[in-house]
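The file data_18.cif comes next; it holds mmCIF, C-alpha atoms.
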data_run
loop_
_atom_site.label_atom_id
_atom_site.label_comp_id
_atom_site.auth_asym_id
_atom_site.auth_seq_id
_atom_site.Cartn_x
_atom_site.Cartn_y
_atom_site.Cartn_z
CA MET A 1 33.05 26.46 -166.75
CA ASP A 2 33.75 23.73 -169.29
CA ILE A 3 34.61 25.48 -172.55
CA LEU A 4 35.32 24.20 -176.06
CA VAL A 5 37.99 26.22 -177.90
CA THR A 6 38.53 25.57 -181.61
CA GLY A 7 41.83 26.57 -183.17
CA ALA A 8 43.45 25.83 -179.81
CA ALA A 9 46.90 25.38 -181.37
CA GLY A 10 46.60 28.75 -183.05
CA PHE A 11 47.98 32.08 -181.88
CA ILE A 12 44.86 33.45 -180.18
CA GLY A 13 43.37 30.05 -179.33
CA ALA A 14 46.37 28.84 -177.34
CA ALA A 15 46.69 32.14 -175.45
CA LEU A 16 42.97 32.07 -174.64
CA ALA A 17 43.04 28.44 -173.48
CA GLU A 18 45.94 29.20 -171.16
CA ALA A 19 44.15 32.21 -169.66
CA LEU A 20 40.87 30.34 -169.18
CA CYS A 21 42.58 27.46 -167.41
CA ALA A 22 44.55 29.90 -165.24
CA ARG A 23 41.31 31.34 -163.89
CA GLY A 24 39.88 27.90 -163.09
CA ASP A 25 37.95 26.88 -166.20
CA ARG A 26 38.36 23.53 -167.94
CA VAL A 27 39.12 23.69 -171.66
CA ILE A 28 38.70 21.15 -174.45
CA GLY A 29 40.88 22.35 -177.30
CA ILE A 30 40.66 21.10 -180.88
CA ASP A 31 42.77 21.94 -183.92
CA ASN A 32 43.54 20.14 -187.17
CA LEU A 33 47.23 21.17 -187.03
CA ASN A 34 47.32 21.92 -190.75
CA ASP A 35 50.56 22.94 -192.44
CA TYR A 36 49.58 26.46 -193.51
CA TYR A 37 52.59 27.42 -191.36
CA PRO A 38 55.02 25.16 -189.45
CA VAL A 39 53.15 22.57 -187.38
CA SER A 40 56.05 22.60 -184.91
CA LEU A 41 55.01 26.07 -183.71
CA LYS A 42 51.43 24.86 -183.20
CA ARG A 43 52.65 21.83 -181.23
CA ASP A 44 54.91 24.08 -179.14
CA ARG A 45 51.93 26.28 -178.26
CA VAL A 46 49.87 23.25 -177.22
CA ALA A 47 52.79 21.95 -175.13
CA ARG A 48 53.07 25.32 -173.40
CA VAL A 49 49.36 25.36 -172.50
CA THR A 50 49.47 21.72 -171.34
CA GLY A 51 52.53 22.41 -169.21
CA LYS A 52 50.87 25.34 -167.48
CA ALA A 53 47.27 24.07 -167.26
CA GLY A 54 47.78 20.36 -166.58
CA ASP A 55 44.55 18.38 -166.35
CA ALA A 56 42.44 21.51 -166.89
CA PHE A 57 43.33 21.38 -170.59
CA ARG A 58 42.62 18.50 -172.94
CA PHE A 59 43.73 18.73 -176.56
CA ALA A 60 42.50 16.66 -179.49
CA GLU A 61 43.58 16.83 -183.11
CA CYS A 62 40.42 17.26 -185.17
CA ASP A 63 39.26 18.95 -188.36
CA PHE A 64 35.97 20.64 -187.40
CA ALA A 65 35.08 20.90 -191.10
CA ASP A 66 34.72 17.09 -190.97
CA GLU A 67 31.33 16.61 -189.31
CA ALA A 68 31.87 12.94 -188.45
CA ALA A 69 35.33 13.57 -186.99
CA LEU A 70 33.98 16.43 -184.89
CA GLU A 71 31.19 14.27 -183.47
CA ARG A 72 33.64 11.46 -182.77
CA VAL A 73 36.19 13.53 -180.89
CA LEU A 74 33.56 15.28 -178.74
CA GLU A 75 31.51 12.19 -177.92
CA GLY A 76 31.15 12.02 -174.14
CA GLU A 77 32.60 15.52 -173.66
CA SER A 78 30.51 18.14 -171.91
CA PHE A 79 30.88 21.90 -172.29
CA THR A 80 28.58 24.85 -171.78
CA ARG A 81 30.24 27.49 -173.94
CA ILE A 82 32.21 27.55 -177.19
CA VAL A 83 34.88 29.91 -178.47
CA HIS A 84 35.26 29.25 -182.19
CA LEU A 85 38.60 30.68 -183.27
CA GLY A 86 39.62 27.99 -185.75
CA ALA A 87 39.69 29.10 -189.39
CA GLN A 88 41.79 29.19 -192.49
CA ALA A 89 43.50 32.53 -191.93
CA GLY A 90 45.37 34.89 -194.20
CA VAL A 91 44.30 37.30 -196.92
CA ARG A 92 47.07 36.48 -199.40
CA TYR A 93 46.77 32.70 -199.19
CA SER A 94 43.08 32.98 -200.14
CA LEU A 95 44.26 34.00 -203.62
CA GLU A 96 46.18 30.72 -203.94
CA ASN A 97 43.92 28.18 -202.23
CA PRO A 98 40.33 29.47 -202.12
CA ARG A 99 38.79 26.05 -201.49
CA ALA A 100 40.60 25.77 -198.16
CA TYR A 101 38.64 28.85 -197.04
CA ALA A 102 35.30 27.46 -198.20
CA ARG A 103 35.93 24.21 -196.33
CA SER A 104 37.22 25.61 -193.04
CA ASN A 105 35.46 28.95 -192.79
CA LEU A 106 32.09 28.08 -194.34
CA THR A 107 31.48 24.35 -193.81
CA GLY A 108 33.48 24.44 -190.58
CA HIS A 109 31.54 27.39 -189.19
CA LEU A 110 28.25 25.68 -190.02
CA ASN A 111 29.41 22.53 -188.21
CA ILE A 112 30.17 24.56 -185.09
CA LEU A 113 26.78 26.28 -185.29
CA GLU A 114 25.08 22.89 -185.51
CA LEU A 115 27.16 21.62 -182.59
CA ALA A 116 26.17 24.64 -180.50
CA ARG A 117 22.51 24.15 -181.41
CA GLU A 118 22.52 20.43 -180.65
CA ARG A 119 24.32 20.93 -177.33
CA SER A 120 22.14 23.93 -176.35
CA ALA A 121 25.28 25.99 -175.74
CA GLU A 122 24.87 28.95 -173.39
CA HIS A 123 27.04 31.13 -175.62
CA LEU A 124 29.04 30.82 -178.83
CA VAL A 125 31.79 33.39 -179.34
CA TYR A 126 33.31 33.28 -182.83
CA ALA A 127 36.10 35.01 -184.72
CA SER A 128 35.28 37.40 -187.50
CA SER A 129 37.83 39.85 -188.90
CA SER A 130 38.50 43.51 -189.61
CA SER A 131 38.98 42.35 -193.22
CA VAL A 132 35.19 42.49 -193.68
CA TYR A 133 35.47 46.30 -193.93
CA GLY A 134 37.31 46.05 -197.26
CA GLY A 135 38.30 49.46 -198.53
CA ASN A 136 35.95 51.34 -196.19
CA GLU A 137 36.74 55.05 -196.58
CA LYS A 138 35.07 56.08 -193.33
CA VAL A 139 37.26 55.78 -190.23
CA PRO A 140 37.21 54.53 -187.61
CA PHE A 141 35.46 51.37 -188.81
CA SER A 142 32.16 50.84 -186.97
CA VAL A 143 30.11 47.67 -186.62
CA GLU A 144 27.20 49.74 -187.94
CA ASP A 145 29.00 50.30 -191.28
CA ARG A 146 27.88 48.29 -194.30
CA VAL A 147 30.39 45.59 -195.23
CA ASP A 148 29.14 44.40 -198.60
CA HIS A 149 32.31 44.82 -200.66
CA PRO A 150 35.06 42.45 -199.42
CA TYR A 151 38.51 42.84 -200.94
CA SER A 152 39.41 39.15 -200.50
CA LEU A 153 37.76 35.74 -200.35
CA TYR A 154 38.95 35.45 -196.75
CA ALA A 155 36.95 38.58 -195.90
CA ALA A 156 33.94 37.25 -197.80
CA THR A 157 33.97 34.01 -195.78
CA LYS A 158 34.11 35.94 -192.51
CA LYS A 159 31.13 38.08 -193.53
CA ALA A 160 29.32 34.87 -194.50
CA ASP A 161 30.05 33.47 -191.02
CA GLU A 162 28.37 36.51 -189.48
CA LEU A 163 25.31 35.99 -191.67
CA MET A 164 25.07 32.28 -190.82
CA SER A 165 25.37 33.11 -187.13
CA GLU A 166 22.61 35.69 -187.43
CA SER A 167 20.29 33.11 -188.95
CA TYR A 168 20.97 30.64 -186.10
CA ALA A 169 20.45 33.35 -183.50
CA HIS A 170 17.11 34.19 -185.13
CA LEU A 171 15.91 30.63 -185.78
CA TYR A 172 17.15 28.89 -182.64
CA ARG A 173 17.73 31.83 -180.25
CA LEU A 174 21.35 30.70 -179.96
CA PRO A 175 23.30 33.40 -178.05
CA GLN A 176 26.33 34.46 -180.06
CA THR A 177 29.04 37.10 -180.12
CA GLY A 178 31.09 37.77 -183.25
CA LEU A 179 34.44 39.50 -182.80
CA ARG A 180 36.09 41.43 -185.61
CA PHE A 181 39.78 41.12 -184.72
CA PHE A 182 42.16 43.90 -185.75
CA THR A 183 45.75 42.78 -186.57
CA VAL A 184 46.59 40.75 -183.47
CA TYR A 185 50.31 40.42 -182.65
CA GLY A 186 52.60 39.41 -179.81
CA PRO A 187 54.62 36.44 -178.50
CA TRP A 188 53.71 33.09 -180.12
CA GLY A 189 52.30 34.98 -183.12
CA ARG A 190 51.87 33.76 -186.69
CA PRO A 191 54.82 33.44 -189.12
CA ASP A 192 52.72 34.75 -192.03
CA MET A 193 52.13 38.12 -190.38
CA MET A 194 54.18 41.30 -190.61
CA PRO A 195 55.81 41.35 -187.14
CA TRP A 196 57.29 37.85 -187.62
CA ILE A 197 58.31 38.40 -191.25
CA PHE A 198 59.97 41.75 -190.59
CA THR A 199 61.70 40.66 -187.37
CA SER A 200 63.07 37.51 -189.02
CA LYS A 201 64.35 39.37 -192.08
CA ILE A 202 65.89 42.25 -190.12
CA LEU A 203 67.73 39.89 -187.75
CA ASN A 204 68.96 37.82 -190.71
CA GLY A 205 70.01 40.86 -192.74
CA ASP A 206 67.46 40.25 -195.48
CA PRO A 207 65.44 43.03 -197.17
CA ILE A 208 61.84 43.51 -196.01
CA PRO A 209 58.99 44.08 -198.51
CA VAL A 210 57.04 47.25 -197.70
CA PHE A 211 53.81 47.39 -199.68
CA ASN A 212 51.95 50.45 -200.98
CA HIS A 213 55.31 52.23 -200.67
CA GLY A 214 54.89 52.38 -196.90
CA LYS A 215 51.58 54.26 -197.01
CA MET A 216 49.86 51.80 -194.71
CA SER A 217 48.46 51.94 -191.19
CA ARG A 218 47.14 49.18 -188.98
CA ASP A 219 45.22 49.00 -185.71
CA PHE A 220 47.76 46.59 -184.15
CA THR A 221 46.29 44.88 -181.07
CA PHE A 222 48.46 43.05 -178.53
CA ILE A 223 47.53 39.45 -177.71
CA ASP A 224 47.07 40.04 -173.95
CA ASP A 225 44.50 42.76 -174.64
CA ILE A 226 42.70 40.52 -177.13
CA VAL A 227 42.46 37.64 -174.65
CA ARG A 228 41.02 39.90 -171.94
CA GLY A 229 38.42 41.16 -174.40
CA VAL A 230 37.43 37.68 -175.58
CA ILE A 231 36.96 36.47 -172.00
CA ALA A 232 34.90 39.54 -171.07
CA CYS A 233 32.58 38.83 -174.01
CA LEU A 234 32.45 35.10 -173.28
CA ASP A 235 31.26 35.78 -169.74
CA ALA A 236 28.32 37.94 -170.86
CA ALA A 237 26.13 36.43 -173.57
CA PRO A 238 23.79 38.76 -175.49
CA THR A 239 20.28 38.78 -174.05
CA ASP A 240 17.26 37.59 -175.99
CA ASP A 241 15.12 40.59 -175.13
CA GLY A 242 14.34 42.06 -178.54
CA THR A 243 16.70 45.02 -178.14
CA THR A 244 19.03 46.01 -180.96
CA LYS A 245 22.55 44.70 -180.39
CA PRO A 246 25.83 46.09 -181.77
CA GLY A 247 25.82 45.08 -185.42
CA GLY A 248 22.06 45.58 -185.72
CA SER A 249 20.58 42.23 -184.65
CA VAL A 250 17.44 42.04 -182.52
CA ALA A 251 18.17 38.35 -181.91
CA PRO A 252 20.70 37.32 -179.20
CA HIS A 253 23.66 38.08 -181.49
CA ALA A 254 26.16 40.90 -181.01
CA ILE A 255 29.09 41.87 -183.23
CA TYR A 256 32.00 43.87 -181.86
CA ASN A 257 35.25 45.33 -183.12
CA ILE A 258 38.11 44.25 -180.91
CA GLY A 259 41.11 46.41 -181.67
CA ASN A 260 43.50 48.92 -180.17
CA ASN A 261 41.62 52.02 -181.41
CA ARG A 262 45.04 53.49 -182.14
CA PRO A 263 46.21 52.90 -185.73
CA GLU A 264 49.98 52.99 -186.24
CA ASP A 265 51.83 54.12 -189.34
CA LEU A 266 53.68 51.15 -190.83
CA MET A 267 56.97 53.03 -191.16
CA ARG A 268 56.87 53.98 -187.47
CA VAL A 269 56.31 50.34 -186.51
CA ILE A 270 59.28 49.32 -188.65
CA GLY A 271 61.35 51.82 -186.67
CA ILE A 272 60.22 50.25 -183.37
CA ILE A 273 61.14 46.77 -184.63
CA GLU A 274 64.51 48.05 -185.90
CA SER A 275 65.30 49.48 -182.45
CA ALA A 276 64.27 46.24 -180.71
CA CYS A 277 66.39 44.21 -183.14
CA GLY A 278 69.33 46.56 -182.78
CA ARG A 279 69.84 46.99 -186.52
CA LYS A 280 68.41 48.87 -189.48
CA ALA A 281 66.12 47.24 -192.02
CA GLN A 282 66.87 46.99 -195.70
CA ILE A 283 63.61 48.23 -197.19
CA GLU A 284 62.19 47.26 -200.58
CA MET A 285 59.31 49.56 -201.47
CA MET A 286 56.60 47.78 -203.43
CA GLY A 287 53.11 48.43 -204.80
CA MET A 288 49.86 47.42 -203.17
CA GLN A 289 49.10 43.71 -202.91
CA LYS A 290 45.89 42.20 -204.24
CA GLY A 291 43.30 41.79 -201.51
CA ASP A 292 45.10 44.10 -199.07
CA VAL A 293 43.76 47.36 -197.65
CA PRO A 294 45.69 50.56 -196.90
CA ARG A 295 44.44 51.07 -193.35
CA THR A 296 42.42 49.64 -190.48
CA PHE A 297 41.05 51.58 -187.51
CA ALA A 298 38.65 50.08 -184.97
CA ASP A 299 35.79 51.95 -183.35
CA ILE A 300 35.61 50.07 -180.02
CA ASP A 301 32.94 52.16 -178.29
CA ALA A 302 30.44 49.26 -178.24
CA ILE A 303 32.74 46.65 -176.67
CA ALA A 304 34.08 49.25 -174.23
CA ARG A 305 30.55 50.15 -173.16
CA ASP A 306 29.16 46.62 -172.95
CA HIS A 307 32.22 44.73 -171.66
CA GLY A 308 34.66 47.28 -170.27
CA PHE A 309 37.24 46.53 -172.96
CA ALA A 310 40.19 48.92 -172.73
CA PRO A 311 43.42 47.93 -174.54
CA GLU A 312 46.50 48.69 -172.46
CA THR A 313 49.52 47.77 -174.60
CA THR A 314 51.00 50.37 -176.96
CA ALA A 315 53.04 49.56 -180.05
CA ASP A 316 56.13 50.91 -178.27
CA GLU A 317 55.66 48.25 -175.57
CA GLY A 318 54.22 45.40 -177.60
CA PHE A 319 56.61 45.09 -180.52
CA PRO A 320 59.77 44.90 -178.38
CA ARG A 321 58.05 42.18 -176.34
CA PHE A 322 57.44 40.25 -179.55
CA VAL A 323 61.05 40.68 -180.70
CA ASP A 324 62.35 39.50 -177.30
CA TRP A 325 60.16 36.39 -177.50
CA PHE A 326 61.22 35.76 -181.13
CA ARG A 327 64.88 35.81 -180.16
CA ARG A 328 64.33 33.40 -177.28
CA TYR A 329 62.14 31.03 -179.30
CA HIS A 330 64.74 30.80 -182.05
CA GLY A 331 67.70 30.62 -179.64
CA MET A 332 69.08 33.97 -180.80
CA GLY A 333 69.90 35.26 -177.30
#

Structure translated into structure tokens:
Amino acid sequence: MDILVTGAAGFIGAALAEALCARGDRVIGIDNLNDYYPVSLKRDRVARVTGKAGDAFRFAECDFADEAALERVLEGESFTRIVHLGAQAGVRYSLENPRAYARSNLTGHLNILELARERSAEHLVYASSSSVYGGNEKVPFSVEDRVDHPYSLYAATKKADELMSESYAHLYRLPQTGLRFFTVYGPWGRPDMMPWIFTSKILNGDPIPVFNHGKMSRDFTFIDDIVRGVIACLDAAPTDDGTTKPGGSVAPHAIYNIGNNRPEDLMRVIGIIESACGRKAQIEMMGMQKGDVPRTFADIDAIARDHGFAPETTADEGFPRFVDWFRRYHGMG
């Protein structure tokens, strides 16, 4: 297949592009290479995919929130399916720069929907987030739960993306799958996320900030498992047969949780990272951060039933693999 991947210089996007090319697909990857975190890491990811995929991967720098730029860069390109992973990520940064989220996650998502409609795409898979669940008291979080009370603007934009996608599925019968990602981690991960921050600080002998006094748990999901799940969904578009899909739509639009279904206590994960680093962490206990939630826990029954998704990587395996990669990437032996 010829597949468009947005956010192709990002953590999940680059890993997905590499996997798709490895199985024989051709990928057009776009990314605006913004400086939310070091652009050098994004360029290194693109270089890795290019080195492994060769001519099967073509990358173009493009801001998909800019309609004219998007049309320009894709003129003459053909693709049958789209995986829309590009977004302004991060809960905490949405407190500082809310307009970046409106531009990328709202206008940008609409531009991709219009692109999919105009190109009569066979299937659009897009990234939502576990953040939409806010402070949901019921666990595990189910796609059937109401998600009307976001704790951050980031979460609100992701819920809005789901609503826009539902309208396009209804109006234009555009087949779509929305994936609520649960704390993805692993090699080539993001510097603004806990595994990178804690590993860097522990190796450098700096104190690590532990919020909510350590009373946190996360459904950490390893990147290899995520990529397998995304591809399984991409290969099987929702049918337009009037049946109710996960998430409640009767249009060709399904929403799935994609997580590990195995929440880990934050303090236990810190212990795993300490062991992998070979040194103890200096811990600074702090209160809860604005916009954050105390726990996430994915109910993955729907994606397991419909797409055979079964995460394989435990925290005890995954975090040492991240630490090993981190050391190599930074030349730390």

Problem - Selection near Lys42 (chain A), 8 Å with only C-alpha atoms, sequence-local residues under 6 positions removed, as an MDAnalysis selection string - result: chainID A and resid 9:10 33

Handout entry: Answer key for the PyMOL selection byres ((chain A and resi 196) around 12), residues as a count of residues only
Key = 33

Please write as a tab-separated table (two decimals) with C-alpha atoms, in the frame of the given file the full residue list that the PyMOL selection byres ((chain A and resi 252) around 8) yields on this file.
chain	number	residue	atom	x	y	z
A	169	ALA	CA	20.45	33.35	-183.50
A	170	HIS	CA	17.11	34.19	-185.13
A	173	ARG	CA	17.73	31.83	-180.25
A	174	LEU	CA	21.35	30.70	-179.96
A	175	PRO	CA	23.30	33.40	-178.05
A	176	GLN	CA	26.33	34.46	-180.06
A	237	ALA	CA	26.13	36.43	-173.57
A	238	PRO	CA	23.79	38.76	-175.49
A	239	THR	CA	20.28	38.78	-174.05
A	240	ASP	CA	17.26	37.59	-175.99
A	241	ASP	CA	15.12	40.59	-175.13
A	242	GLY	CA	14.34	42.06	-178.54
A	245	LYS	CA	22.55	44.70	-180.39
A	249	SER	CA	20.58	42.23	-184.65
A	250	VAL	CA	17.44	42.04	-182.52
A	251	ALA	CA	18.17	38.35	-181.91
A	253	HIS	CA	23.66	38.08	-181.49
A	254	ALA	CA	26.16	40.90	-181.01

Exercise for the section: Kindly resolve the PyMOL selection byres ((chain A and resi 298) around 9) on the present coordinates and return the residues as JSON, numbers by chain. Expected result: {"A": [130, 139, 140, 141, 142, 182, 219, 257, 258, 259, 260, 261, 262, 263, 296, 297, 299, 300]}

Handout entry: 12 Å contact set for Pro98 (chain A), all atoms listed in the file, chain neighbours under 2 positions out, as JSON, numbers by chain
Key = {"A": [88, 89, 90, 91, 92, 93, 94, 95, 96, 100, 101, 102, 103, 104, 105, 106, 152, 153, 154, 155, 156, 157]}

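CA of Phe181 (chain A) to CA of Ala69 (chain A) spans 28.0 Å [interatomic distance, one decimal].
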
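Using only C-alpha atoms, the contacts of Leu85 (chain A) at a cut-off of 8 Å, with sequence neighbours closer than 2 positions omitted, comprise Val5, Thr6, Gly7, Ala8, Ile12, Gly13, Val83, Ala87, Tyr126 and Ala127 of chain A.
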
Could you pull region 316-328 of chain A out of the structure I just pasted and write it to a file containing N, CA and C atoms, as a tab-separated table (two decimals), in the first residue's frame?
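Ended up saving to selection-v7.tsv:
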chain	number	residue	atom	x	y	z
A	316	ASP	N	9.19	-4.52	33.19
A	316	ASP	CA	10.50	-5.05	33.58
A	316	ASP	C	11.40	-5.30	32.37
A	317	GLU	N	10.80	-5.51	31.20
A	317	GLU	CA	11.57	-5.66	29.96
A	317	GLU	C	11.76	-4.32	29.26
A	318	GLY	N	10.69	-3.53	29.20
A	318	GLY	CA	10.69	-2.34	28.37
A	318	GLY	C	11.56	-1.20	28.87
A	319	PHE	N	11.52	-0.93	30.16
A	319	PHE	CA	12.28	0.21	30.67
A	319	PHE	C	13.79	0.00	30.58
A	320	PRO	N	14.32	-1.19	30.89
A	320	PRO	CA	15.75	-1.40	30.65
A	320	PRO	C	16.14	-1.25	29.18
A	321	ARG	N	15.25	-1.62	28.26
A	321	ARG	CA	15.54	-1.44	26.84
A	321	ARG	C	15.62	0.04	26.49
A	322	PHE	N	14.75	0.84	27.11
A	322	PHE	CA	14.84	2.28	26.89
A	322	PHE	C	16.15	2.84	27.45
A	323	VAL	N	16.50	2.45	28.66
A	323	VAL	CA	17.72	2.97	29.29
A	323	VAL	C	18.95	2.58	28.45
A	324	ASP	N	18.99	1.34	27.95
A	324	ASP	CA	20.11	0.92	27.10
A	324	ASP	C	20.21	1.79	25.86
A	325	TRP	N	19.06	2.05	25.21
A	325	TRP	CA	19.06	2.91	24.03
A	325	TRP	C	19.52	4.32	24.40
A	326	PHE	N	19.02	4.85	25.50
A	326	PHE	CA	19.36	6.21	25.94
A	326	PHE	C	20.87	6.37	26.12
A	327	ARG	N	21.48	5.38	26.74
A	327	ARG	CA	22.93	5.41	26.93
A	327	ARG	C	23.66	5.44	25.59
A	328	ARG	N	23.23	4.57	24.68
A	328	ARG	CA	23.89	4.51	23.36
A	328	ARG	C	23.70	5.80	22.58
